[in-house]
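Undergrad: Quick one, target-v3.cif (mmCIF, C-alpha atoms, pLDDT in the B column; chains and numbers go by the auth columns):
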data_entry
loop_
_atom_site.group_PDB
_atom_site.id
_atom_site.type_symbol
_atom_site.label_atom_id
_atom_site.label_comp_id
_atom_site.label_asym_id
_atom_site.label_seq_id
_atom_site.Cartn_x
_atom_site.Cartn_y
_atom_site.Cartn_z
_atom_site.B_iso_or_equiv
_atom_site.auth_seq_id
_atom_site.auth_asym_id
ATOM 1 C CA MET A 1 7.806 18.237 17.795 42.00 1 A
ATOM 2 C CA TYR A 2 5.462 18.810 14.894 46.00 2 A
ATOM 3 C CA GLN A 3 6.613 21.171 12.148 48.00 3 A
ATOM 4 C CA ILE A 4 4.009 23.112 10.190 53.00 4 A
ATOM 5 C CA ASN A 5 4.430 22.307 6.502 57.00 5 A
ATOM 6 C CA SER A 6 1.329 24.084 5.210 82.00 6 A
ATOM 7 C CA LYS A 7 0.490 21.126 3.037 86.00 7 A
ATOM 8 C CA PRO A 8 -2.094 21.848 0.336 88.00 8 A
ATOM 9 C CA PRO A 9 -5.326 19.848 0.346 87.00 9 A
ATOM 10 C CA ILE A 10 -5.437 16.618 -1.636 87.00 10 A
ATOM 11 C CA TYR A 11 -9.138 16.706 -2.481 86.00 11 A
ATOM 12 C CA ASP A 12 -11.211 19.377 -4.160 85.00 12 A
ATOM 13 C CA GLN A 13 -12.728 21.589 -1.449 87.00 13 A
ATOM 14 C CA ILE A 14 -16.122 21.805 -3.140 88.00 14 A
ATOM 15 C CA ALA A 15 -16.312 18.025 -3.519 86.00 15 A
ATOM 16 C CA VAL A 16 -15.663 17.358 0.180 90.00 16 A
ATOM 17 C CA GLN A 17 -17.824 20.198 1.516 92.00 17 A
ATOM 18 C CA PRO A 18 -20.950 18.001 1.897 92.00 18 A
ATOM 19 C CA MET A 19 -18.887 15.626 4.083 92.00 19 A
ATOM 20 C CA ARG A 20 -17.808 18.562 6.240 94.00 20 A
ATOM 21 C CA ASP A 21 -21.332 19.992 6.370 95.00 21 A
ATOM 22 C CA GLU A 22 -22.781 16.684 7.548 94.00 22 A
ATOM 23 C CA LEU A 23 -20.713 16.869 10.734 96.00 23 A
ATOM 24 C CA LYS A 24 -21.222 20.596 11.266 97.00 24 A
ATOM 25 C CA PHE A 25 -24.979 20.002 10.988 97.00 25 A
ATOM 26 C CA VAL A 26 -24.907 17.710 14.045 98.00 26 A
ATOM 27 C CA GLY A 27 -22.759 20.097 16.098 98.00 27 A
ATOM 28 C CA PHE A 28 -19.104 19.540 15.210 98.00 28 A
ATOM 29 C CA GLU A 29 -16.667 22.431 15.073 98.00 29 A
ATOM 30 C CA GLU A 30 -13.819 22.170 12.583 97.00 30 A
ATOM 31 C CA MET A 31 -10.153 22.228 13.577 97.00 31 A
ATOM 32 C CA LEU A 32 -8.371 23.412 10.432 96.00 32 A
ATOM 33 C CA SER A 33 -4.842 23.933 11.767 95.00 33 A
ATOM 34 C CA PRO A 34 -2.480 22.605 14.440 96.00 34 A
ATOM 35 C CA GLU A 35 -3.198 25.797 16.399 96.00 35 A
ATOM 36 C CA ASP A 36 -6.929 25.004 16.342 96.00 36 A
ATOM 37 C CA VAL A 37 -6.211 21.492 17.607 98.00 37 A
ATOM 38 C CA GLU A 38 -3.921 22.652 20.392 97.00 38 A
ATOM 39 C CA LYS A 39 -6.287 25.428 21.486 97.00 39 A
ATOM 40 C CA ARG A 40 -9.211 23.019 21.831 98.00 40 A
ATOM 41 C CA LEU A 41 -7.674 19.759 23.011 98.00 41 A
ATOM 42 C CA SER A 42 -4.816 20.752 25.311 96.00 42 A
ATOM 43 C CA VAL A 43 -7.139 22.497 27.785 94.00 43 A
ATOM 44 C CA LYS A 44 -7.352 20.746 31.143 95.00 44 A
ATOM 45 C CA ASP A 45 -10.970 21.577 31.888 97.00 45 A
ATOM 46 C CA ASP A 46 -12.349 18.086 32.680 97.00 46 A
ATOM 47 C CA GLU A 47 -14.549 18.278 29.564 98.00 47 A
ATOM 48 C CA THR A 48 -14.778 15.345 27.174 98.00 48 A
ATOM 49 C CA LYS A 49 -14.123 16.146 23.535 98.00 49 A
ATOM 50 C CA LEU A 50 -15.265 13.871 20.724 98.00 50 A
ATOM 51 C CA VAL A 51 -12.778 14.122 17.853 98.00 51 A
ATOM 52 C CA PHE A 52 -13.646 12.778 14.423 97.00 52 A
ATOM 53 C CA ILE A 53 -11.042 12.510 11.669 96.00 53 A
ATOM 54 C CA ASN A 54 -13.241 12.846 8.615 95.00 54 A
ATOM 55 C CA SER A 55 -12.358 11.080 5.389 90.00 55 A
ATOM 56 C CA VAL A 56 -13.434 10.434 1.802 87.00 56 A
ATOM 57 C CA CYS A 57 -13.103 6.682 2.249 81.00 57 A
ATOM 58 C CA GLY A 58 -16.129 4.446 1.912 74.00 58 A
ATOM 59 C CA CYS A 59 -16.190 3.352 5.547 71.00 59 A
ATOM 60 C CA SER A 60 -16.306 6.979 6.598 72.00 60 A
ATOM 61 C CA ALA A 61 -19.105 7.805 4.211 70.00 61 A
ATOM 62 C CA GLY A 62 -21.088 4.641 4.739 82.00 62 A
ATOM 63 C CA SER A 63 -20.628 3.984 8.435 92.00 63 A
ATOM 64 C CA ALA A 64 -18.523 6.372 10.482 94.00 64 A
ATOM 65 C CA ARG A 65 -20.153 9.746 9.793 95.00 65 A
ATOM 66 C CA PRO A 66 -23.721 8.367 9.940 95.00 66 A
ATOM 67 C CA GLY A 67 -22.815 6.331 13.039 97.00 67 A
ATOM 68 C CA VAL A 68 -21.364 9.308 14.883 97.00 68 A
ATOM 69 C CA ALA A 69 -24.356 11.455 13.937 97.00 69 A
ATOM 70 C CA LEU A 70 -26.734 8.777 15.218 98.00 70 A
ATOM 71 C CA ALA A 71 -24.739 8.352 18.452 98.00 71 A
ATOM 72 C CA LEU A 72 -25.101 12.079 19.099 98.00 72 A
ATOM 73 C CA GLN A 73 -28.858 11.560 19.376 98.00 73 A
ATOM 74 C CA HIS A 74 -28.148 9.703 22.647 98.00 74 A
ATOM 75 C CA SER A 75 -29.265 11.079 26.009 98.00 75 A
ATOM 76 C CA LYS A 76 -25.625 11.640 27.088 98.00 76 A
ATOM 77 C CA ILE A 77 -22.885 12.959 24.802 98.00 77 A
ATOM 78 C CA PRO A 78 -19.386 14.450 25.150 98.00 78 A
ATOM 79 C CA HIS A 79 -19.099 18.130 26.088 98.00 79 A
ATOM 80 C CA LYS A 80 -17.531 19.265 22.797 98.00 80 A
ATOM 81 C CA LEU A 81 -17.441 17.927 19.226 98.00 81 A
ATOM 82 C CA TYR A 82 -14.451 18.575 16.954 98.00 82 A
ATOM 83 C CA THR A 83 -13.427 17.399 13.500 98.00 83 A
ATOM 84 C CA SER A 84 -10.561 17.643 11.016 97.00 84 A
ATOM 85 C CA PHE A 85 -10.565 16.300 7.475 95.00 85 A
ATOM 86 C CA ALA A 86 -7.831 13.832 6.458 93.00 86 A
ATOM 87 C CA GLY A 87 -6.384 14.794 3.105 91.00 87 A
ATOM 88 C CA ASN A 88 -7.545 18.395 3.378 93.00 88 A
ATOM 89 C CA ASP A 89 -6.773 19.714 6.873 95.00 89 A
ATOM 90 C CA ARG A 90 -3.484 17.908 6.562 95.00 90 A
ATOM 91 C CA ASP A 91 -1.427 19.849 9.093 96.00 91 A
ATOM 92 C CA ALA A 92 -4.204 19.611 11.697 97.00 92 A
ATOM 93 C CA VAL A 93 -4.620 15.859 11.157 97.00 93 A
ATOM 94 C CA ASP A 94 -0.851 15.262 11.237 96.00 94 A
ATOM 95 C CA PHE A 95 -0.689 17.168 14.521 97.00 95 A
ATOM 96 C CA LEU A 96 -3.626 15.210 15.974 97.00 96 A
ATOM 97 C CA ARG A 97 -1.941 11.950 15.066 97.00 97 A
ATOM 98 C CA GLU A 98 1.441 12.967 16.433 96.00 98 A
ATOM 99 C CA LYS A 99 0.342 14.570 19.694 96.00 99 A
ATOM 100 C CA TYR A 100 -2.942 12.891 20.629 97.00 100 A
ATOM 101 C CA PHE A 101 -3.206 9.609 18.702 97.00 101 A
ATOM 102 C CA TYR A 102 0.460 8.516 18.614 95.00 102 A
ATOM 103 C CA LYS A 103 -0.364 5.269 20.462 95.00 103 A
ATOM 104 C CA TYR A 104 -2.630 4.127 17.623 95.00 104 A
ATOM 105 C CA SER A 105 -2.158 3.154 13.995 91.00 105 A
ATOM 106 C CA THR A 106 -2.623 6.027 11.580 91.00 106 A
ATOM 107 C CA SER A 107 -6.245 5.933 10.562 91.00 107 A
ATOM 108 C CA SER A 108 -8.904 7.787 8.688 91.00 108 A
ATOM 109 C CA PRO A 109 -11.583 7.834 9.590 94.00 109 A
ATOM 110 C CA ALA A 110 -10.980 7.795 13.320 96.00 110 A
ATOM 111 C CA ILE A 111 -13.176 8.562 16.304 97.00 111 A
ATOM 112 C CA ALA A 112 -11.635 9.516 19.639 98.00 112 A
ATOM 113 C CA ILE A 113 -12.498 11.018 22.971 98.00 113 A
ATOM 114 C CA VAL A 114 -9.962 13.357 24.535 98.00 114 A
ATOM 115 C CA LYS A 115 -10.115 14.620 28.111 98.00 115 A
ATOM 116 C CA ASN A 116 -7.576 16.923 29.765 97.00 116 A
ATOM 117 C CA GLY A 117 -5.239 16.556 26.800 97.00 117 A
ATOM 118 C CA GLU A 118 -5.259 12.730 26.904 97.00 118 A
ATOM 119 C CA THR A 119 -6.956 10.315 24.518 97.00 119 A
ATOM 120 C CA ILE A 120 -9.247 8.132 26.626 98.00 120 A
ATOM 121 C CA TYR A 121 -10.994 6.287 23.783 98.00 121 A
ATOM 122 C CA TYR A 122 -10.052 5.543 20.174 98.00 122 A
ATOM 123 C CA MET A 123 -11.811 3.784 17.300 97.00 123 A
ATOM 124 C CA GLY A 124 -9.774 3.505 14.120 95.00 124 A
ATOM 125 C CA ARG A 125 -10.566 2.374 10.614 93.00 125 A
ATOM 126 C CA ALA A 126 -9.920 -1.286 11.505 92.00 126 A
ATOM 127 C CA ASP A 127 -12.630 -0.994 14.179 94.00 127 A
ATOM 128 C CA ILE A 128 -15.042 0.712 11.753 94.00 128 A
ATOM 129 C CA ILE A 129 -14.770 -1.429 8.618 92.00 129 A
ATOM 130 C CA GLY A 130 -17.634 -3.894 8.316 93.00 130 A
ATOM 131 C CA LYS A 131 -19.816 -2.146 10.879 94.00 131 A
ATOM 132 C CA SER A 132 -23.110 -0.464 10.130 94.00 132 A
ATOM 133 C CA PRO A 133 -23.858 3.074 11.320 95.00 133 A
ATOM 134 C CA GLU A 134 -26.110 1.498 13.957 97.00 134 A
ATOM 135 C CA ASP A 135 -23.232 -0.716 15.180 97.00 135 A
ATOM 136 C CA ILE A 136 -20.939 2.290 15.495 97.00 136 A
ATOM 137 C CA ALA A 137 -23.623 4.335 17.247 98.00 137 A
ATOM 138 C CA GLU A 138 -24.233 1.508 19.710 98.00 138 A
ATOM 139 C CA ILE A 139 -20.522 1.229 20.536 98.00 139 A
ATOM 140 C CA LEU A 140 -20.215 4.984 20.977 98.00 140 A
ATOM 141 C CA THR A 141 -23.307 5.354 23.151 98.00 141 A
ATOM 142 C CA VAL A 142 -21.968 2.693 25.505 98.00 142 A
ATOM 143 C CA VAL A 143 -18.737 4.724 25.718 98.00 143 A
ATOM 144 C CA PHE A 144 -20.702 7.977 26.196 98.00 144 A
ATOM 145 C CA ASP A 145 -22.465 6.417 29.188 98.00 145 A
ATOM 146 C CA THR A 146 -19.083 5.769 30.873 98.00 146 A
ATOM 147 C CA ILE A 147 -17.636 9.279 30.515 97.00 147 A
ATOM 148 C CA ASP A 148 -18.427 12.716 31.823 96.00 148 A
ATOM 149 C CA GLY A 149 -20.635 14.523 29.372 97.00 149 A
ATOM 150 C CA ILE A 150 -23.698 16.619 28.841 98.00 150 A
ATOM 151 C CA LYS A 151 -27.337 15.916 28.156 98.00 151 A
ATOM 152 C CA GLY A 152 -27.940 14.907 24.549 98.00 152 A
ATOM 153 C CA PRO A 153 -28.894 14.947 21.819 98.00 153 A
ATOM 154 C CA SER A 154 -26.532 17.331 20.017 98.00 154 A
ATOM 155 C CA ILE A 155 -29.414 18.597 17.840 98.00 155 A
ATOM 156 C CA GLN A 156 -33.169 18.255 18.107 97.00 156 A
ATOM 157 C CA THR A 157 -34.636 15.025 16.744 96.00 157 A
ATOM 158 C CA GLU A 158 -36.688 16.952 14.184 97.00 158 A
ATOM 159 C CA ASN A 159 -33.502 18.523 12.817 97.00 159 A
ATOM 160 C CA TYR A 160 -31.660 15.195 12.853 96.00 160 A
ATOM 161 C CA LYS A 161 -34.394 13.700 10.671 96.00 161 A
ATOM 162 C CA GLN A 162 -33.528 16.350 8.051 95.00 162 A
ATOM 163 C CA LEU A 163 -29.883 15.201 7.859 94.00 163 A
ATOM 164 C CA VAL A 164 -28.786 13.934 4.472 89.00 164 A
ATOM 165 C CA HIS A 165 -25.653 11.819 4.682 89.00 165 A
ATOM 166 C CA ALA A 166 -22.924 12.580 2.165 83.00 166 A
ATOM 167 C CA ILE A 167 -22.377 9.135 0.687 70.00 167 A
ATOM 168 C CA SER A 168 -19.718 9.232 -2.008 62.00 168 A
ATOM 169 C CA CYS A 169 -16.958 6.869 -3.017 55.00 169 A
ATOM 170 C CA GLY A 170 -13.532 8.325 -2.313 55.00 170 A
ATOM 171 C CA SER A 171 -12.204 7.159 -5.683 53.00 171 A
ATOM 172 C CA LYS A 172 -14.687 9.491 -7.389 57.00 172 A
ATOM 173 C CA ILE A 173 -13.732 12.608 -5.375 57.00 173 A
ATOM 174 C CA PRO A 174 -11.734 14.991 -7.577 56.00 174 A
ATOM 175 C CA LEU A 175 -8.268 15.915 -6.441 61.00 175 A
ATOM 176 C CA PHE A 176 -7.439 19.500 -5.514 56.00 176 A
ATOM 177 C CA ASN A 177 -6.215 21.460 -8.490 65.00 177 A
ATOM 178 C CA ASN A 178 -4.107 24.508 -7.692 60.00 178 A
#
Take the structure in the file and write it out as C-alpha coordinates.
TA:
Amino acid sequence: MYQINSKPPIYDQIAVQPMRDELKFVGFEEMLSPEDVEKRLSVKDDETKLVFINSVCGCSAGSARPGVALALQHSKIPHKLYTSFAGNDRDAVDFLREKYFYKYSTSSPAIAIVKNGETIYYMGRADIIGKSPEDIAEILTVVFDTIDGIKGPSIQTENYKQLVHAISCGSKIPLFNN
(Lines of atoms letter the chains of each structure in order from A and count residues from 1; the text may use other names and numbers.)
(Lines give C-alpha, C1' and ligand atoms only; values in the text may rest on other atoms or scores of the structure.)
Protein backbone atom coordinates (compact mmCIF):
# COMPACT_ATOMS: atom_id res chain seq x y z
CA MET A 1 0.00 0.00 0.00
CA TYR A 2 1.08 3.56 -0.62
CA GLN A 3 3.18 5.25 2.05
CA ILE A 4 2.95 9.01 2.46
CA ASN A 5 6.42 10.49 2.05
CA SER A 6 5.45 14.16 2.06
CA LYS A 7 7.72 14.81 -0.88
CA PRO A 8 8.47 18.49 -1.49
CA PRO A 9 7.49 20.00 -4.84
CA ILE A 10 10.04 19.91 -7.65
CA TYR A 11 8.91 23.08 -9.42
CA ASP A 12 8.48 26.59 -8.11
CA GLN A 13 4.86 27.03 -7.01
CA ILE A 14 4.54 30.51 -8.49
CA ALA A 15 5.89 29.34 -11.85
CA VAL A 16 3.37 26.50 -12.18
CA GLN A 17 0.37 28.43 -10.83
CA PRO A 18 -0.80 29.57 -14.30
CA MET A 19 -0.88 25.89 -15.37
CA ARG A 20 -3.01 25.07 -12.33
CA ASP A 21 -5.26 28.10 -12.86
CA GLU A 22 -5.94 27.14 -16.47
CA LEU A 23 -7.61 23.91 -15.34
CA LYS A 24 -9.41 25.47 -12.38
CA PHE A 25 -10.82 28.09 -14.77
CA VAL A 26 -12.61 25.37 -16.78
CA GLY A 27 -13.97 23.62 -13.68
CA PHE A 28 -11.31 21.29 -12.31
CA GLU A 29 -10.88 20.78 -8.59
CA GLU A 30 -7.38 20.05 -7.34
CA MET A 31 -6.43 16.88 -5.47
CA LEU A 32 -3.34 17.87 -3.49
CA SER A 33 -2.88 14.79 -1.29
CA PRO A 34 -3.54 11.04 -1.31
CA GLU A 35 -6.45 11.73 1.05
CA ASP A 36 -7.97 14.11 -1.50
CA VAL A 37 -7.61 11.46 -4.21
CA GLU A 38 -9.14 8.70 -2.11
CA LYS A 39 -12.02 10.89 -0.92
CA ARG A 40 -13.00 11.82 -4.47
CA LEU A 41 -12.24 8.74 -6.55
CA SER A 42 -13.05 5.78 -4.30
CA VAL A 43 -16.73 6.74 -4.01
CA LYS A 44 -19.07 4.27 -5.69
CA ASP A 45 -21.68 6.78 -6.80
CA ASP A 46 -21.95 5.91 -10.53
CA GLU A 47 -20.52 9.34 -11.40
CA THR A 48 -17.79 9.68 -14.01
CA LYS A 49 -14.72 11.61 -12.92
CA LEU A 50 -12.28 13.11 -15.40
CA VAL A 51 -8.79 13.07 -13.88
CA PHE A 52 -5.99 15.10 -15.41
CA ILE A 53 -2.38 14.69 -14.28
CA ASN A 54 -1.04 18.15 -15.03
CA SER A 55 2.57 18.64 -16.05
CA VAL A 56 5.19 21.19 -17.08
CA CYS A 57 6.11 19.19 -20.17
CA GLY A 58 5.59 20.65 -23.61
CA CYS A 59 2.90 18.19 -24.66
CA SER A 60 0.89 19.13 -21.60
CA ALA A 61 1.25 22.83 -22.25
CA GLY A 62 0.80 22.68 -25.99
CA SER A 63 -1.82 19.98 -26.40
CA ALA A 64 -3.19 18.26 -23.32
CA ARG A 65 -4.43 21.18 -21.20
CA PRO A 66 -5.87 23.10 -24.19
CA GLY A 67 -7.36 19.87 -25.56
CA VAL A 68 -9.07 18.98 -22.29
CA ALA A 69 -10.38 22.52 -21.91
CA LEU A 70 -11.79 22.42 -25.45
CA ALA A 71 -13.35 18.98 -24.88
CA LEU A 72 -15.17 20.37 -21.85
CA GLN A 73 -17.07 22.70 -24.19
CA HIS A 74 -18.85 19.58 -25.50
CA SER A 75 -22.57 19.02 -24.94
CA LYS A 76 -21.86 16.02 -22.65
CA ILE A 77 -19.05 15.89 -20.09
CA PRO A 78 -18.09 13.78 -17.05
CA HIS A 79 -19.82 14.52 -13.75
CA LYS A 80 -16.70 15.73 -11.91
CA LEU A 81 -13.32 17.16 -12.95
CA TYR A 82 -10.20 16.57 -10.85
CA THR A 83 -6.51 17.33 -11.28
CA SER A 84 -3.15 16.79 -9.59
CA PHE A 85 0.16 18.27 -10.68
CA ALA A 86 3.06 15.89 -11.42
CA GLY A 87 6.23 17.15 -9.80
CA ASN A 88 4.36 19.28 -7.27
CA ASP A 89 1.47 17.26 -5.81
CA ARG A 90 3.86 14.36 -5.72
CA ASP A 91 2.19 12.22 -3.06
CA ALA A 92 -1.22 12.63 -4.71
CA VAL A 93 0.15 11.73 -8.15
CA ASP A 94 2.09 8.74 -6.78
CA PHE A 95 -1.11 7.52 -5.12
CA LEU A 96 -3.14 8.01 -8.31
CA ARG A 97 -0.60 6.01 -10.27
CA GLU A 98 -0.39 3.22 -7.72
CA LYS A 99 -4.08 2.79 -6.95
CA TYR A 100 -5.94 3.94 -10.07
CA PHE A 101 -3.50 3.91 -13.00
CA TYR A 102 -1.32 0.89 -12.11
CA LYS A 103 -2.26 -0.88 -15.37
CA TYR A 104 -0.69 1.90 -17.43
CA SER A 105 2.81 3.24 -17.97
CA THR A 106 3.71 6.10 -15.67
CA SER A 107 2.82 9.24 -17.54
CA SER A 108 2.52 12.96 -17.24
CA PRO A 109 0.46 14.38 -18.56
CA ALA A 110 -2.30 11.81 -18.36
CA ILE A 111 -6.04 12.00 -18.86
CA ALA A 112 -8.32 9.38 -17.33
CA ILE A 113 -11.93 8.70 -16.53
CA VAL A 114 -12.69 6.94 -13.26
CA LYS A 115 -16.08 5.52 -12.32
CA ASN A 116 -16.90 3.68 -9.09
CA GLY A 117 -13.22 3.55 -8.17
CA GLU A 118 -12.17 1.96 -11.49
CA THR A 119 -10.30 3.57 -14.39
CA ILE A 120 -12.49 3.13 -17.47
CA TYR A 121 -10.45 5.26 -19.88
CA TYR A 122 -6.81 6.34 -19.98
CA MET A 123 -4.77 8.53 -22.33
CA GLY A 124 -1.08 8.77 -21.48
CA ARG A 125 1.75 10.88 -22.79
CA ALA A 126 2.43 8.43 -25.65
CA ASP A 127 -1.17 8.97 -26.81
CA ILE A 128 -0.86 12.77 -26.49
CA ILE A 129 2.49 13.50 -28.15
CA GLY A 130 2.09 14.73 -31.71
CA LYS A 131 -1.59 15.54 -31.34
CA SER A 132 -3.08 19.00 -31.52
CA PRO A 133 -5.48 20.28 -28.86
CA GLU A 134 -8.27 19.76 -31.41
CA ASP A 135 -7.21 16.11 -31.90
CA ILE A 136 -7.26 15.50 -28.16
CA ALA A 137 -10.62 17.25 -27.77
CA GLU A 138 -12.09 15.14 -30.57
CA ILE A 139 -10.88 11.90 -28.97
CA LEU A 140 -12.22 12.94 -25.57
CA THR A 141 -15.62 14.07 -26.85
CA VAL A 142 -16.11 10.70 -28.52
CA VAL A 143 -15.32 9.08 -25.15
CA PHE A 144 -17.64 11.52 -23.33
CA ASP A 145 -20.49 10.46 -25.63
CA THR A 146 -20.04 6.81 -24.52
CA ILE A 147 -20.10 7.39 -20.76
CA ASP A 148 -22.59 8.60 -18.20
CA GLY A 149 -22.18 12.30 -17.70
CA ILE A 150 -23.86 15.64 -17.41
CA LYS A 151 -24.85 18.36 -19.83
CA GLY A 152 -21.88 20.44 -20.93
CA PRO A 153 -20.11 22.69 -21.32
CA SER A 154 -18.20 22.98 -18.04
CA ILE A 155 -18.18 26.80 -18.35
CA GLN A 156 -20.12 29.20 -20.53
CA THR A 157 -18.74 29.73 -24.03
CA GLU A 158 -18.21 33.43 -23.35
CA ASN A 159 -16.01 32.56 -20.36
CA TYR A 160 -14.15 29.88 -22.32
CA LYS A 161 -13.24 32.48 -24.94
CA GLN A 162 -11.46 34.42 -22.16
CA LEU A 163 -9.19 31.45 -21.32
CA VAL A 164 -5.49 32.09 -21.80
CA HIS A 165 -3.52 28.87 -22.06
CA ALA A 166 -0.35 28.65 -19.99
CA ILE A 167 2.16 27.72 -22.67
CA SER A 168 5.63 27.38 -21.20
CA CYS A 169 8.51 25.03 -21.84
CA GLY A 170 9.15 22.76 -18.87
CA SER A 171 12.92 23.26 -19.15
CA LYS A 172 12.42 26.95 -18.34
CA ILE A 173 10.29 26.37 -15.21
CA PRO A 174 12.35 27.15 -12.10
CA LEU A 175 12.82 24.39 -9.59
CA PHE A 176 11.39 24.71 -6.09
CA ASN A 177 13.84 26.32 -3.72
CA ASN A 178 13.29 25.58 -0.04
Undergrad: Find, counting all atoms listed in the file, the residue in A:Ser105, A:Ser63, A:Asn54, A:Gln162 that gets nearest to Ala137 of chain A.
TA: A:Ser63
Undergrad: Using the chain letters and numbers from the file, which residues does the PyMOL selection byres ((chain A and resi 149) around 8) grab, as a ChimeraX atom specification?
TA: /A:47-48,76-79,144,147-148,150-151
Undergrad: Atoms to include: C-alpha atoms. Write the selected residues as an mmCIF file, in the frame of the given file.
TA:
data_model
loop_
_atom_site.group_PDB
_atom_site.id
_atom_site.type_symbol
_atom_site.label_atom_id
_atom_site.label_comp_id
_atom_site.auth_asym_id
_atom_site.auth_seq_id
_atom_site.Cartn_x
_atom_site.Cartn_y
_atom_site.Cartn_z
ATOM 1 C CA GLU A 47 -14.549 18.278 29.564
ATOM 2 C CA THR A 48 -14.778 15.345 27.174
ATOM 3 C CA LYS A 76 -25.625 11.640 27.088
ATOM 4 C CA ILE A 77 -22.885 12.959 24.802
ATOM 5 C CA PRO A 78 -19.386 14.450 25.150
ATOM 6 C CA HIS A 79 -19.099 18.130 26.088
ATOM 7 C CA PHE A 144 -20.702 7.977 26.196
ATOM 8 C CA ILE A 147 -17.636 9.279 30.515
ATOM 9 C CA ASP A 148 -18.427 12.716 31.823
ATOM 10 C CA ILE A 150 -23.698 16.619 28.841
ATOM 11 C CA LYS A 151 -27.337 15.916 28.156
#
Undergrad: Using only C-alpha atoms, what residues lie at most 12 Å away from (-33.9, 13.9, 8.3) (file coordinates), given as a ChimeraX atom specification?
TA: /A:22,25-26,66,69-70,155-165
Undergrad: Keeping only C-alpha atoms, take the residues you just selected and write them out as a CSV table (one decimal), keeping the file's coordinate frame.
TA:
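Final output, selection.csv:
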chain,number,residue,atom,x,y,z
A,22,GLU,CA,-22.8,16.7,7.5
A,25,PHE,CA,-25.0,20.0,11.0
A,26,VAL,CA,-24.9,17.7,14.0
A,66,PRO,CA,-23.7,8.4,9.9
A,69,ALA,CA,-24.4,11.5,13.9
A,70,LEU,CA,-26.7,8.8,15.2
A,155,ILE,CA,-29.4,18.6,17.8
A,156,GLN,CA,-33.2,18.3,18.1
A,157,THR,CA,-34.6,15.0,16.7
A,158,GLU,CA,-36.7,17.0,14.2
A,159,ASN,CA,-33.5,18.5,12.8
A,160,TYR,CA,-31.7,15.2,12.9
A,161,LYS,CA,-34.4,13.7,10.7
A,162,GLN,CA,-33.5,16.4,8.1
A,163,LEU,CA,-29.9,15.2,7.9
A,164,VAL,CA,-28.8,13.9,4.5
A,165,HIS,CA,-25.7,11.8,4.7
Undergrad: Grab the atom CA of His74 of chain A to atom CA of Met31 of chain A distance for me, in Å with one decimal place.
TA: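 Atom CA of Met31 of chain A lies at a distance of 23.7 Å from atom CA of His74 of chain A.
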Undergrad: Once the PyMOL selection byres ((chain A and resi 36) around 12) is applied to the coordinates I shared, what remains selected? I want it as a PyMOL selection string.
TA: chain A and resi 29-35+37-43+82-84+89+91-93+95-96
Undergrad: Skip Thr106 of chain A itself and residues of its chain fewer than 6 positions away, then list as a PyMOL selection string all residues within 10 Å of it, counting only C-alpha atoms.
TA: chain A and resi 94+97-98+124-125
